[in-house]
Amino acid sequence: MALSGSDNFTVTRNDIINAALRKLGQLSEGETATAQQVADAAADLERMVKAWQADGLHLWKYEEMVLFLTVNDHEYSLGTATTDHWVKRSALTSTTTSAAALSGATTIVVTSATGISASDNIGVVVDDNTIHWTTVSGAPAGTTVTLAVALDAAAASGNAVYVYTSKAVRPLQITHCRIQTNATSEIEGTILSREDFFRLANKSADGTPTQIYYSPALASGKLYIYPEASDERVYLNLTAQIPIEDFDAASNNPDFPAEWHDALVWNLAKRQITEYGITDPSTIQMILGIAEETYRMAAEFDAEDTSLMFIPDFTYFA
């Protein structure tokens, strides 16, 4: 038996569009869609994919994130164009200082400079328990890193240093929160509803944050914490659902696993039934049935296989 040895099958945006139009009988063998057909179908495809985000599925779009906190601040903006330090865990480089640095120093010596590049964002924990954020000025020389803005306080040897290139996108929702209290320990945080968060009396109270509320908003998400951080060495580890990427060009691959490709084709065909005035009942029923079945199969595959625990509520029997 001769197997291919590969498992990287994919399609492009226009492959999906052409296949959907063939299902509708609008293209013959070997034909491709006109520019107007592509434009119309691409718009339908984008709307469909964005609507699917509301299902709360798509496990491959859940990411582990880090939000660095600021003393005396309970409101943070999450997105690529924000000033708060919000980054994918996988894109974050962590190291430590290997020598003490004085206040006003423009260079630090780190344990490892691997993953640190010119213009990266860099945060150095200084001795007043805040993080001095600036950018990397030029490539590191060995393990010596030059800072664009001098340290505003001294940093002892062994202090944490965090580096990343780009901020993360605005998340659709936050599903899990942990508070990193030191290098090796984290505690569970509580995600509140909007009403419960804004019902809190003193939002400027200081301490270790234990509760959050997240509003996805539009351009940038808003995350609120309680209480405000009193120590910037404490940060949040968050599980977030991030948006499915757009189809910006004909050659773009879908931001979906291959298991979803069939559902994309048939559900796009379903959306375009009225576009092409399809009226034959048997054709409509076939497309609707296959669209539903392919979506169901993909959605069931896209579910976590975990146990479920039920606990009786004895609230009214106390």
# chains A, B, ... in the order shown; residues from 1 in each chain; ligands from 1
>>> residues_around(residues="Gly142 (chain A)", least_positions_apart="3", cutoff="9 Å", atoms="only C-alpha atoms", output="VMD selection string")
chain A and resid 109 112 to 113 145
>>> closest_atom_pairs(of="region 169-264 of chain A", to="region 150-164 of chain A", cutoff="12 Å", atoms="only C-alpha atoms", output="Markdown table")
| residue | atom | partner | partner_atom | distance |
| --- | --- | --- | --- | --- |
| A:Asn182 | CA | A:Ala160 | CA | 10.4 |
| A:Ala183 | CA | A:Ala160 | CA | 8.8 |
| A:Glu232 | CA | A:Ala160 | CA | 11.0 |
| A:Arg233 | CA | A:Ala160 | CA | 8.3 |
| A:Val234 | CA | A:Ala160 | CA | 11.3 |
| A:Tyr235 | CA | A:Tyr162 | CA | 11.6 |
>>> closest_residue(among="A:Asp44, A:Asp120, A:Asp302, A:Asp206", to="Ile17 (chain A)", atoms="only C-alpha atoms")
A:Asp44
>>> atom_distance(atom1="CA of Gln53 (chain A)", atom2="CA of Ala35 (chain A)")
27.4 Å
>>> residues_around(residues="Leu67 (chain A)", least_positions_apart="6", cutoff="7 Å", atoms="only C-alpha atoms", output="ChimeraX atom specification")
/A:85-87,235-237
>>> closest_residue(among="A:Gly289, A:Gly56, A:Pro209, A:Pro257", to="Glu188 (chain A)", atoms="only C-alpha atoms")
A:Pro209
